[in-house]
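Below is the file final.cif, which contains mmCIF, C-alpha atoms (C1' of nucleotides).
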data_my_file
loop_
_atom_site.label_atom_id
_atom_site.label_comp_id
_atom_site.auth_asym_id
_atom_site.auth_seq_id
_atom_site.Cartn_x
_atom_site.Cartn_y
_atom_site.Cartn_z
CA MET A 1 -12.47 -43.07 48.74
CA THR A 2 -9.03 -43.62 47.28
CA ILE A 3 -7.11 -41.90 44.54
CA ASP A 4 -8.16 -44.75 42.23
CA LEU A 5 -11.24 -42.70 41.39
CA LEU A 6 -8.98 -40.19 39.67
CA PHE A 7 -7.00 -42.78 37.72
CA VAL A 8 -10.18 -44.49 36.55
CA ASN A 9 -11.46 -41.09 35.40
CA ILE A 10 -8.23 -40.41 33.50
CA SER A 11 -8.23 -43.85 31.89
CA LYS A 12 -11.58 -43.06 30.27
CA HIS A 13 -9.81 -40.50 28.07
CA ILE A 14 -6.12 -41.36 27.74
CA LEU A 15 -3.77 -44.30 28.28
CA LEU A 16 -0.80 -43.89 30.62
CA THR A 17 2.25 -46.05 31.25
CA GLU A 18 3.10 -47.03 34.82
CA VAL A 19 5.99 -44.56 34.78
CA GLU A 20 3.73 -41.73 33.67
CA LYS A 21 1.17 -42.62 36.33
CA LYS A 22 3.85 -42.53 38.99
CA TYR A 23 5.19 -39.22 37.80
CA PHE A 24 1.71 -37.69 37.76
CA HIS A 25 0.96 -39.20 41.15
CA SER A 26 4.10 -37.63 42.60
CA LYS A 27 2.74 -34.16 41.77
CA LEU A 28 -0.59 -34.60 43.56
CA HIS A 29 -1.46 -33.38 47.05
CA PHE A 30 -4.22 -34.70 49.25
CA ARG A 31 -6.42 -32.46 51.39
CA LYS A 32 -9.43 -32.87 53.67
CA LEU A 33 -11.99 -30.12 54.03
CA LYS A 34 -14.44 -29.71 56.87
CA LYS A 35 -18.00 -28.68 56.12
CA LYS A 36 -18.00 -25.00 55.06
CA GLU A 37 -14.21 -24.91 54.92
CA VAL A 38 -13.00 -22.58 52.19
CA TYR A 39 -10.69 -23.88 49.47
CA ILE A 40 -10.42 -20.75 47.29
CA GLN A 41 -11.41 -17.15 48.01
CA GLU A 42 -12.10 -14.06 45.95
CA ASN A 43 -8.97 -12.00 45.13
CA GLN A 44 -6.80 -15.03 45.71
CA ILE A 45 -4.75 -16.62 42.93
CA SER A 46 -5.97 -20.17 42.34
CA GLY A 47 -2.72 -22.05 42.51
CA SER A 48 -4.36 -25.42 42.02
CA VAL A 49 -7.24 -27.36 40.54
CA ALA A 50 -9.04 -29.87 42.77
CA PHE A 51 -10.39 -33.33 41.99
CA VAL A 52 -13.13 -34.41 44.40
CA LEU A 53 -12.77 -37.89 45.92
CA SER A 54 -15.62 -37.64 48.41
CA GLY A 55 -18.07 -35.06 49.68
CA CYS A 56 -19.12 -32.09 47.56
CA LEU A 57 -17.72 -28.61 46.83
CA ARG A 58 -19.33 -25.59 45.23
CA SER A 59 -18.05 -22.45 43.54
CA TYR A 60 -19.89 -19.14 43.81
CA THR A 61 -19.57 -15.37 43.67
CA ILE A 62 -20.89 -12.82 46.12
CA ASP A 63 -22.41 -9.79 44.38
CA ASP A 64 -22.44 -6.16 45.49
CA ASN A 65 -25.62 -6.75 47.51
CA GLY A 66 -24.10 -9.67 49.36
CA PHE A 67 -26.06 -12.35 47.48
CA GLU A 68 -24.37 -15.62 46.59
CA HIS A 69 -24.64 -17.00 43.04
CA ILE A 70 -23.61 -20.60 42.62
CA LEU A 71 -21.62 -21.42 39.50
CA GLN A 72 -20.88 -25.09 39.94
CA PHE A 73 -21.33 -28.04 42.25
CA ALA A 74 -18.52 -30.59 42.34
CA PRO A 75 -19.55 -34.02 43.64
CA PRO A 76 -17.03 -36.90 43.60
CA ASP A 77 -15.30 -37.56 40.27
CA TRP A 78 -15.41 -33.85 39.27
CA TRP A 79 -12.67 -31.27 38.94
CA ILE A 80 -13.19 -27.75 40.27
CA THR A 81 -11.21 -24.51 40.44
CA ASP A 82 -11.52 -20.82 39.58
CA MET A 83 -10.64 -21.42 35.94
CA PHE A 84 -10.06 -17.74 35.20
CA SER A 85 -7.53 -17.38 38.00
CA PHE A 86 -6.01 -20.82 37.45
CA ILE A 87 -5.15 -20.23 33.79
CA SER A 88 -4.20 -16.56 34.07
CA GLN A 89 -2.61 -16.78 37.53
CA LYS A 90 -4.32 -13.50 38.37
CA PRO A 91 -6.51 -12.84 41.44
CA GLY A 92 -9.84 -14.58 41.00
CA THR A 93 -13.44 -13.58 41.48
CA ILE A 94 -15.00 -16.65 43.04
CA TYR A 95 -15.18 -18.61 46.25
CA ILE A 96 -14.98 -22.39 46.50
CA ASP A 97 -15.91 -24.19 49.69
CA ALA A 98 -17.02 -27.60 50.90
CA ILE A 99 -20.77 -28.22 51.25
CA GLU A 100 -19.99 -31.25 53.36
CA VAL A 101 -16.87 -32.99 54.71
CA SER A 102 -14.78 -33.63 51.60
CA GLU A 103 -11.56 -35.17 50.39
CA ILE A 104 -9.84 -33.58 47.40
CA ILE A 105 -6.70 -34.04 45.38
CA LEU A 106 -4.81 -30.93 44.32
CA LEU A 107 -2.69 -30.29 41.25
CA SER A 108 -0.89 -26.96 41.01
CA ARG A 109 -0.85 -24.97 37.77
CA ALA A 110 2.95 -25.15 37.68
CA ASP A 111 2.86 -28.93 38.03
CA GLN A 112 0.09 -29.19 35.45
CA LEU A 113 2.15 -27.22 32.92
CA ASP A 114 5.18 -29.34 33.75
CA ILE A 115 3.12 -32.48 33.15
CA PHE A 116 1.86 -31.11 29.83
CA GLU A 117 5.52 -30.88 28.75
CA LYS A 118 6.55 -34.29 30.02
CA ILE A 119 3.39 -36.27 29.20
CA PRO A 120 1.63 -34.70 26.21
CA SER A 121 -1.39 -36.97 26.51
CA PHE A 122 -2.32 -35.01 29.65
CA GLU A 123 -2.76 -32.03 27.41
CA ARG A 124 -5.41 -34.14 25.67
CA TYR A 125 -7.03 -35.20 28.94
CA PHE A 126 -7.47 -31.62 30.11
CA ARG A 127 -8.42 -30.44 26.62
CA ILE A 128 -11.29 -32.94 26.63
CA LEU A 129 -12.40 -31.98 30.16
CA THR A 130 -12.32 -28.32 29.19
CA GLU A 131 -14.34 -28.98 26.03
CA ASN A 132 -17.01 -30.79 28.04
CA SER A 133 -17.09 -28.10 30.65
CA LEU A 134 -17.41 -25.44 27.94
CA VAL A 135 -20.42 -27.25 26.50
CA SER A 136 -22.13 -27.39 29.86
CA TYR A 137 -21.56 -23.67 30.53
CA ARG A 138 -22.88 -22.97 27.06
CA LYS A 139 -26.04 -24.92 27.85
CA ARG A 140 -26.35 -22.94 31.07
CA VAL A 141 -26.17 -19.64 29.14
CA MET A 142 -28.81 -20.85 26.68
CA ASP A 143 -31.10 -22.06 29.46
CA GLY A 144 -30.78 -18.69 31.18
CA LEU A 145 -31.78 -16.93 27.97
CA SER A 146 -34.60 -19.21 26.86
CA LEU A 147 -36.14 -21.05 29.82
CA THR A 148 -38.40 -19.95 32.66
CA ALA A 149 -37.43 -20.57 36.31
CA VAL A 150 -39.82 -23.55 36.44
CA GLU A 151 -38.21 -25.11 33.39
CA ARG A 152 -34.71 -24.54 34.76
CA TYR A 153 -35.71 -26.21 38.01
CA HIS A 154 -37.13 -29.27 36.27
CA ASP A 155 -34.06 -29.48 34.07
CA PHE A 156 -31.84 -29.37 37.16
CA CYS A 157 -33.84 -32.18 38.79
CA LYS A 158 -33.51 -34.31 35.67
CA ARG A 159 -29.79 -33.70 35.17
CA TYR A 160 -28.64 -33.91 38.78
CA PRO A 161 -31.01 -36.29 40.61
CA THR A 162 -28.36 -37.18 43.19
CA LEU A 163 -27.61 -33.54 43.98
CA ILE A 164 -31.30 -32.81 44.56
CA GLU A 165 -31.19 -35.33 47.40
CA CYS A 166 -28.28 -33.86 49.29
CA LEU A 167 -28.30 -30.11 48.60
CA PRO A 168 -30.17 -27.54 50.66
CA GLN A 169 -32.93 -26.07 48.53
CA LYS A 170 -31.58 -22.54 48.75
CA GLN A 171 -28.41 -23.63 46.98
CA ILE A 172 -30.38 -25.07 44.11
CA ALA A 173 -32.29 -21.78 43.95
CA SER A 174 -28.99 -19.91 43.79
CA TYR A 175 -27.73 -22.17 40.99
CA ILE A 176 -30.84 -21.82 38.80
CA GLY A 177 -31.01 -18.10 39.48
CA VAL A 178 -34.10 -17.55 41.63
CA THR A 179 -34.72 -16.62 45.27
CA PRO A 180 -35.28 -19.44 47.77
CA GLU A 181 -38.80 -18.05 48.33
CA PHE A 182 -39.66 -18.40 44.68
CA LEU A 183 -38.27 -21.93 44.44
CA SER A 184 -40.41 -22.85 47.42
CA LYS A 185 -43.43 -21.49 45.55
CA ILE A 186 -42.51 -23.47 42.42
CA ARG A 187 -42.25 -26.67 44.43
CA SER A 188 -45.53 -26.21 46.26
CA LYS A 189 -47.38 -25.63 42.99
CA VAL A 190 -45.91 -28.76 41.41
CA LYS A 191 -47.18 -30.92 44.28
CA ILE A 192 -50.80 -29.77 43.90
CA VAL A 193 -51.10 -29.94 40.11
CA MET B 1 -7.90 -10.82 4.34
CA THR B 2 -5.50 -13.68 3.94
CA ILE B 3 -4.91 -16.83 5.89
CA ASP B 4 -2.01 -15.07 7.60
CA LEU B 5 -4.47 -13.88 10.21
CA LEU B 6 -4.86 -17.49 11.32
CA PHE B 7 -1.14 -18.22 11.44
CA VAL B 8 -0.47 -15.06 13.42
CA ASN B 9 -3.19 -16.13 15.85
CA ILE B 10 -1.65 -19.59 16.21
CA SER B 11 1.85 -18.17 16.72
CA LYS B 12 0.63 -16.32 19.80
CA HIS B 13 0.24 -19.67 21.55
CA ILE B 14 2.52 -22.27 19.97
CA LEU B 15 5.57 -22.47 17.71
CA LEU B 16 5.34 -24.46 14.48
CA THR B 17 7.99 -25.62 12.02
CA GLU B 18 7.52 -24.86 8.33
CA VAL B 19 6.67 -28.51 7.70
CA GLU B 20 4.00 -28.47 10.40
CA LYS B 21 2.54 -25.24 9.03
CA LYS B 22 2.30 -26.77 5.58
CA TYR B 23 0.69 -29.92 6.87
CA PHE B 24 -1.86 -27.93 8.84
CA HIS B 25 -2.45 -25.65 5.87
CA SER B 26 -3.16 -28.64 3.63
CA LYS B 27 -6.12 -29.60 5.86
CA LEU B 28 -7.85 -26.22 5.69
CA HIS B 29 -10.73 -25.25 3.43
CA PHE B 30 -11.72 -21.75 2.42
CA ARG B 31 -15.34 -20.61 2.15
CA LYS B 32 -17.19 -17.37 1.43
CA LEU B 33 -20.56 -16.67 2.98
CA LYS B 34 -23.12 -14.18 1.75
CA LYS B 35 -25.00 -12.04 4.23
CA LYS B 36 -27.47 -14.28 6.13
CA GLU B 37 -26.02 -17.42 4.55
CA VAL B 38 -26.23 -20.33 6.96
CA TYR B 39 -23.08 -22.22 7.93
CA ILE B 40 -24.52 -24.66 10.50
CA GLN B 41 -28.12 -25.58 11.25
CA GLU B 42 -29.96 -27.20 14.12
CA ASN B 43 -30.05 -31.03 13.97
CA GLN B 44 -27.03 -31.02 11.72
CA ILE B 45 -23.72 -32.56 12.78
CA SER B 46 -21.05 -29.86 12.89
CA GLY B 47 -18.35 -31.43 10.82
CA SER B 48 -16.05 -28.44 11.09
CA VAL B 49 -14.92 -25.49 13.13
CA ALA B 50 -14.60 -22.11 11.38
CA PHE B 51 -11.98 -19.39 11.76
CA VAL B 52 -13.25 -15.97 10.63
CA LEU B 53 -10.98 -14.02 8.26
CA SER B 54 -13.40 -11.22 7.46
CA GLY B 55 -17.00 -10.27 8.13
CA CYS B 56 -18.86 -11.56 11.18
CA LEU B 57 -20.79 -14.71 12.09
CA ARG B 58 -23.13 -15.42 14.97
CA SER B 59 -24.42 -18.57 16.67
CA TYR B 60 -27.93 -18.78 18.11
CA THR B 61 -30.78 -21.06 19.07
CA ILE B 62 -34.44 -20.71 18.24
CA ASP B 63 -36.69 -21.55 21.20
CA ASP B 64 -40.15 -23.17 21.21
CA ASN B 65 -41.80 -19.77 20.73
CA GLY B 66 -39.67 -18.95 17.71
CA PHE B 67 -37.44 -16.45 19.49
CA GLU B 68 -33.74 -16.31 18.66
CA HIS B 69 -31.16 -16.27 21.46
CA ILE B 70 -27.66 -15.30 20.42
CA LEU B 71 -24.83 -17.28 21.99
CA GLN B 72 -21.78 -15.81 20.32
CA PHE B 73 -20.60 -13.28 17.77
CA ALA B 74 -17.50 -14.17 15.79
CA PRO B 75 -15.72 -11.18 14.24
CA PRO B 76 -12.39 -11.70 12.41
CA ASP B 77 -9.71 -13.63 14.32
CA TRP B 78 -12.27 -15.77 16.19
CA TRP B 79 -13.18 -19.44 15.92
CA ILE B 80 -16.80 -20.54 15.92
CA THR B 81 -18.73 -23.81 15.75
CA ASP B 82 -21.44 -25.74 17.59
CA MET B 83 -18.98 -27.07 20.13
CA PHE B 84 -21.40 -29.69 21.46
CA SER B 85 -21.97 -31.18 18.05
CA PHE B 86 -18.35 -30.73 16.94
CA ILE B 87 -16.87 -32.70 19.84
CA SER B 88 -19.59 -35.33 20.13
CA GLN B 89 -20.36 -35.59 16.40
CA LYS B 90 -24.03 -35.74 17.30
CA PRO B 91 -26.79 -33.54 15.82
CA GLY B 92 -26.47 -30.04 17.23
CA THR B 93 -28.88 -27.54 18.68
CA ILE B 94 -27.70 -24.25 17.25
CA TYR B 95 -27.63 -22.22 14.06
CA ILE B 96 -24.61 -20.32 12.78
CA ASP B 97 -24.94 -17.78 9.99
CA ALA B 98 -23.17 -14.76 8.55
CA ILE B 99 -24.27 -11.32 9.77
CA GLU B 100 -22.46 -9.79 6.80
CA VAL B 101 -20.45 -11.04 3.82
CA SER B 102 -17.73 -13.18 5.39
CA GLU B 103 -14.69 -15.29 4.61
CA ILE B 104 -13.99 -18.29 6.81
CA ILE B 105 -11.49 -21.12 7.02
CA LEU B 106 -12.79 -24.56 7.88
CA LEU B 107 -11.12 -27.41 9.74
CA SER B 108 -13.01 -30.70 10.01
CA ARG B 109 -13.15 -32.61 13.28
CA ALA B 110 -11.50 -35.61 11.62
CA ASP B 111 -8.64 -33.45 10.38
CA GLN B 112 -8.35 -31.74 13.75
CA LEU B 113 -8.01 -35.10 15.52
CA ASP B 114 -5.49 -36.20 12.90
CA ILE B 115 -3.49 -33.03 13.52
CA PHE B 116 -3.59 -33.61 17.29
CA GLU B 117 -1.88 -36.96 16.63
CA LYS B 118 0.71 -35.65 14.20
CA ILE B 119 1.44 -32.26 15.81
CA PRO B 120 0.82 -32.45 19.57
CA SER B 121 1.34 -28.74 20.06
CA PHE B 122 -1.99 -28.20 18.28
CA GLU B 123 -3.57 -30.01 21.17
CA ARG B 124 -2.13 -27.21 23.29
CA TYR B 125 -3.36 -24.49 20.94
CA PHE B 126 -6.94 -25.73 21.07
CA ARG B 127 -6.70 -26.50 24.78
CA ILE B 128 -5.80 -22.86 25.41
CA LEU B 129 -8.58 -21.55 23.14
CA THR B 130 -11.06 -23.80 24.88
CA GLU B 131 -9.89 -22.65 28.31
CA ASN B 132 -10.37 -19.01 27.30
CA SER B 133 -13.75 -19.68 25.81
CA LEU B 134 -14.80 -21.54 28.95
CA VAL B 135 -13.87 -18.53 31.06
CA SER B 136 -15.92 -16.19 28.91
CA TYR B 137 -19.00 -18.45 29.05
CA ARG B 138 -18.52 -18.66 32.79
CA LYS B 139 -18.53 -14.87 33.01
CA ARG B 140 -21.69 -14.83 30.93
CA VAL B 141 -23.41 -17.24 33.34
CA MET B 142 -22.35 -15.10 36.31
CA ASP B 143 -23.51 -11.90 34.64
CA GLY B 144 -26.86 -13.49 33.90
CA LEU B 145 -27.23 -14.45 37.56
CA SER B 146 -25.99 -11.26 39.18
CA LEU B 147 -26.43 -8.27 36.87
CA THR B 148 -29.47 -6.29 35.72
CA ALA B 149 -30.23 -5.80 32.03
CA VAL B 150 -28.81 -2.27 32.18
CA GLU B 151 -25.56 -3.52 33.68
CA ARG B 152 -25.28 -6.29 31.10
CA TYR B 153 -25.78 -3.75 28.30
CA HIS B 154 -23.08 -1.43 29.64
CA ASP B 155 -20.74 -4.37 30.09
CA PHE B 156 -21.35 -5.42 26.49
CA CYS B 157 -20.59 -1.90 25.26
CA LYS B 158 -17.35 -1.84 27.23
CA ARG B 159 -16.19 -5.29 26.16
CA TYR B 160 -17.17 -5.15 22.50
CA PRO B 161 -16.99 -1.51 21.35
CA THR B 162 -16.40 -2.50 17.74
CA LEU B 163 -19.38 -4.84 17.65
CA ILE B 164 -21.66 -2.10 19.01
CA GLU B 165 -20.86 -0.12 15.86
CA CYS B 166 -21.78 -2.76 13.32
CA LEU B 167 -24.48 -4.91 14.90
CA PRO B 168 -28.21 -4.24 14.63
CA GLN B 169 -29.50 -3.36 18.07
CA LYS B 170 -31.93 -6.26 18.23
CA GLN B 171 -29.03 -8.69 18.04
CA ILE B 172 -27.34 -7.07 21.00
CA ALA B 173 -30.67 -7.32 22.84
CA SER B 174 -30.83 -11.01 21.99
CA TYR B 175 -27.26 -11.55 23.24
CA ILE B 176 -27.75 -9.82 26.59
CA GLY B 177 -31.14 -11.47 27.05
CA VAL B 178 -33.75 -8.71 26.75
CA THR B 179 -36.38 -7.76 24.16
CA PRO B 180 -35.46 -5.15 21.52
CA GLU B 181 -38.18 -2.90 23.00
CA PHE B 182 -36.60 -2.99 26.42
CA LEU B 183 -33.11 -2.32 25.08
CA SER B 184 -34.53 0.68 23.26
CA LYS B 185 -35.95 1.90 26.57
CA ILE B 186 -32.60 1.40 28.31
CA ARG B 187 -30.81 3.41 25.64
CA SER B 188 -33.27 6.30 25.68
CA LYS B 189 -32.99 6.58 29.46
CA VAL B 190 -29.20 6.66 29.34
CA LYS B 191 -29.26 9.58 26.91
CA ILE B 192 -31.44 11.77 29.17
CA VAL B 193 -29.72 11.10 32.50
"C1'" DT C 1 -31.89 -31.38 76.35
"C1'" DA C 2 -32.41 -26.57 75.50
"C1'" DA C 3 -30.78 -22.77 72.95
"C1'" DT C 4 -29.34 -21.08 68.67
"C1'" DT C 5 -28.89 -20.95 63.99
"C1'" DT C 6 -30.24 -22.20 59.52
"C1'" DT C 7 -33.67 -23.67 56.25
"C1'" DC C 8 -38.16 -23.73 54.42
"C1'" DT C 9 -42.89 -21.99 53.79
"C1'" DT C 10 -46.60 -18.75 52.99
"C1'" DA C 11 -48.53 -14.50 51.80
"C1'" DA C 12 -48.85 -9.61 50.70
"C1'" DT C 13 -46.82 -6.26 47.97
"C1'" DC C 14 -43.70 -4.48 44.47
"C1'" DT C 15 -40.85 -4.01 40.09
"C1'" DA C 16 -37.81 -5.23 36.18
"C1'" DG C 17 -38.63 -6.46 32.15
"C1'" DG C 18 -42.16 -8.64 28.75
"C1'" DT C 19 -46.13 -8.04 25.59
"C1'" DT C 20 -48.90 -5.76 22.42
"C1'" DA C 21 -49.62 -2.36 19.28
"C1'" DA C 22 -48.93 1.40 16.29
"C1'" DG C 23 -45.97 4.65 14.05
"C1'" DT C 24 -41.44 6.05 11.87
"C1'" DA C 25 -37.20 5.46 9.52
"C1'" DG C 26 -34.03 2.92 7.05
"C1'" DT C 27 -32.74 -0.81 3.70
"C1'" DT C 28 -33.54 -4.30 0.14
"C1'" DT C 29 -35.39 -5.86 -3.84
"C1'" DA C 30 -38.17 -5.57 -8.08
"C1'" DT D 1 -38.23 4.75 -8.03
"C1'" DA D 2 -41.82 2.28 -5.58
"C1'" DA D 3 -42.93 -1.61 -2.85
"C1'" DA D 4 -41.80 -4.45 0.72
"C1'" DC D 5 -39.20 -5.77 4.42
"C1'" DT D 6 -36.57 -4.93 8.59
"C1'" DA D 7 -35.06 -2.14 12.39
"C1'" DC D 8 -36.02 1.16 15.89
"C1'" DT D 9 -39.03 3.91 19.08
"C1'" DT D 10 -42.72 4.93 22.29
"C1'" DA D 11 -46.34 3.96 25.36
"C1'" DA D 12 -50.00 1.41 27.79
"C1'" DC D 13 -50.58 -2.55 30.13
"C1'" DC D 14 -49.20 -7.13 32.08
"C1'" DT D 15 -46.57 -10.90 34.62
"C1'" DA D 16 -42.68 -13.67 36.35
"C1'" DG D 17 -40.16 -13.38 39.83
"C1'" DA D 18 -38.16 -10.21 43.77
"C1'" DT D 19 -38.78 -8.26 48.29
"C1'" DT D 20 -40.33 -8.12 52.88
"C1'" DA D 21 -41.89 -10.17 56.82
"C1'" DA D 22 -43.17 -13.57 60.02
"C1'" DG D 23 -43.77 -18.18 61.57
"C1'" DA D 24 -42.62 -23.31 61.44
"C1'" DA D 25 -39.44 -26.96 61.03
"C1'" DA D 26 -35.05 -28.81 60.91
"C1'" DA D 27 -30.26 -29.02 62.03
"C1'" DT D 28 -26.26 -27.44 64.94
"C1'" DT D 29 -24.12 -26.44 69.02
"C1'" DA D 30 -23.67 -25.83 73.96
#

Please express the file's structure as structure tokens.
Amino acid sequence: MTIDLLFVNISKHILLTEVEKKYFHSKLHFRKLKKKEVYIQENQISGSVAFVLSGCLRSYTIDDNGFEHILQFAPPDWWITDMFSFISQKPGTIYIDAIEVSEIILLSRADQLDIFEKIPSFERYFRILTENSLVSYRKRVMDGLSLTAVERYHDFCKRYPTLIECLPQKQIASYIGVTPEFLSKIRSKVKIV
Amino acid sequence: MTIDLLFVNISKHILLTEVEKKYFHSKLHFRKLKKKEVYIQENQISGSVAFVLSGCLRSYTIDDNGFEHILQFAPPDWWITDMFSFISQKPGTIYIDAIEVSEIILLSRADQLDIFEKIPSFERYFRILTENSLVSYRKRVMDGLSLTAVERYHDFCKRYPTLIECLPQKQIASYIGVTPEFLSKIRSKVKIV
DNA sequence: TAATTTTCTTAATCTAGGTTAAGTAGTTTA
DNA sequence: TAAACTACTTAACCTAGATTAAGAAAATTA
């Protein structure tokens, strides 16, 4: 996958001149991650936000009992970072690693802020991304408050059919907020009925 | 309360000229809400976002069983709307009403977009608000996945000490995702131990 | 290929939190 | 002020989902 994926994504929201594209491009860094390789760790300051070109990343916390809770999956064409740490430049609370071999493009917070100054339409681009992301977290909060585990699982299957294919089941369980054992039970019941 | 509250809030994030302030001001609308008066309803398109000058609003959904689930409280100095509907201009899924007599300032989506064109620093202002809001929804998702009801209640008390004072207990229960009966149980246990 | 690790399944048992119900206290409204 | 809601409490009972444990299947690694 090439960096074109990112420029196509951007062009859905804002228009850039060739000069602006080049300037933005000059601030980007490319990185490959092996399977399970960590991109961001707890207590670390997230210096950058990552755009996924290929593979898949995930963000998660580890609670006091050592259990992982998955916040987000980032397949190609998605941005991911520890937003709290990225915007505050304080030590973060989440881990981000690669579920499979992945290629990502990095933009540092300093460079992002610099770009906001030089190319104001980027402020719009990230404002729109943040709005959309806000809405999807909001939905997640509502679903947690009002749906059962079975309903959350079906909703996940409907919304992310491609992720269902490639993710280990225990990670889906962690995302929807149940134990792997219970998800297994849910799935076996569905088959019979 | 006067509209100054809003301009002080804005000045924490961006600098405006007098002309810009006046232009922005000219797009705002003032509204008073009685206790329980509805500002936005399900299936309605949220034409505007509201800044609270006095009183307190809340946003919530009503699920298939008729239960309310509170998404957000908006005391003075906060913005509130159905973000999904506001950005997409499609029919929304939530209700927003006044918990007590309230004064709010409204900005329509059309005017907001117009202001983004004319005064790009407003794009920054709302980008920053959206980033912060995203982080707090993200925390809410994490808390829902990793904390017990007791922990979520204590966290709420710590984070929103002023809201604890003025909100009916059943609304706090609805926000943290438990029944009023169970919250009552939690509170009585805390007293004894 | 075998050995090891990780994932998934099944089943018994347990518990956090829900449900139902009934009583009390506080607040609106007539 | 009384009547009618609405909010809060308590307690018995119930259930969705967790925990524990053990085996089977799949994927890594040597």

### Query
So what does the PyMOL selection byres ((chain A) within 8 of (chain C)) actually pick up in this one, as an MDAnalysis selection string?
chainID A and resid 168 170 181 184

Can you list every residue of chain B that has an atom at most 12 Å from chain D, with its nearest atom pair and the distance in Å to one decimal, using all atoms listed in the file, ordered by chain then number, as a Markdown table?
| residue | atom | partner | partner_atom | distance |
| --- | --- | --- | --- | --- |
| B:Leu167 | CA | D:DA7 | C1' | 11.2 |
| B:Pro168 | CA | D:DA7 | C1' | 7.5 |
| B:Gln169 | CA | D:DA7 | C1' | 8.0 |
| B:Lys170 | CA | D:DA7 | C1' | 7.8 |
| B:Gln171 | CA | D:DA7 | C1' | 10.5 |
| B:Pro180 | CA | D:DC8 | C1' | 8.5 |
| B:Glu181 | CA | D:DT9 | C1' | 7.9 |
| B:Phe182 | CA | D:DT9 | C1' | 10.4 |
| B:Leu183 | CA | D:DC8 | C1' | 10.2 |
| B:Ser184 | CA | D:DT9 | C1' | 6.9 |
| B:Lys185 | CA | D:DT9 | C1' | 8.3 |
| B:Ile186 | CA | D:DT9 | C1' | 11.5 |
| B:Arg187 | CA | D:DT9 | C1' | 10.5 |
| B:Ser188 | CA | D:DT9 | C1' | 9.1 |

### Task
Run the PyMOL selection byres ((chain A) within 10 of (chain B)) against the file shown and list the residues it catches, as a ChimeraX atom specification.
/A:60-65,67-72,82-85,87-88,93,116-117,120-147,174-178

### Message
Can you spell out as a list in words the set of residues that the PyMOL selection byres ((chain A and resi 74) around 9) selects in the structure I just provided?
### Response
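Applied to this file, the PyMOL selection byres ((chain A and resi 74) around 9) selects Phe51, Val52, Gly55, Cys56, Leu57, Arg58, Ser59, Gln72, Phe73, Pro75, Pro76, Asp77, Trp78, Trp79 and Ile80 of chain A.
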
### B:Lys32, B:Lys27, B:His13, B:Arg159 ranked by distance to Leu53 of chain B, top pick (using all atoms listed in the file)
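Distance minimum relative to Leu53 of chain B lands on B:Lys32.
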
### Task
Grab the atom CA of Lys35 of chain A to atom CA of Ala173 of chain A distance for me, in Å with one decimal place.
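Atom CA of Ala173 of chain A lies 20.0 Å from atom CA of Lys35 of chain A.
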
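For the set B:Ile164, B:Ile3, B:Leu16, B:Ile40, the residue with the smallest atom-to-atom gap to Glu103 of chain B is B:Ile3, counting only C-alpha atoms.
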
So for segment 166-184 of chain A, what box centre and size do we get, axis-aligned, 5 Å extra on each of the six sides, every listed atom, Å to one decimal, as AutoDock Vina command-line options?
--center_x -34.1 --center_y -25.2 --center_z 44.7 --size_x 22.7 --size_y 27.2 --size_z 21.9

### Task
Enter the distance from atom CA of Lys158 of chain A to atom CA of Ile94 of chain B, in Å, rounded to one decimal.
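Distance between the two atoms: 21.8 Å.
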
### Task
May I ask for the distance between atom CA of Glu18 of chain B and atom CA of Ser102 of chain B, given in Å to one decimal place?
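Taking atom CA of Glu18 of chain B as the start and atom CA of Ser102 of chain B as the end point, the length is 28.0 Å.
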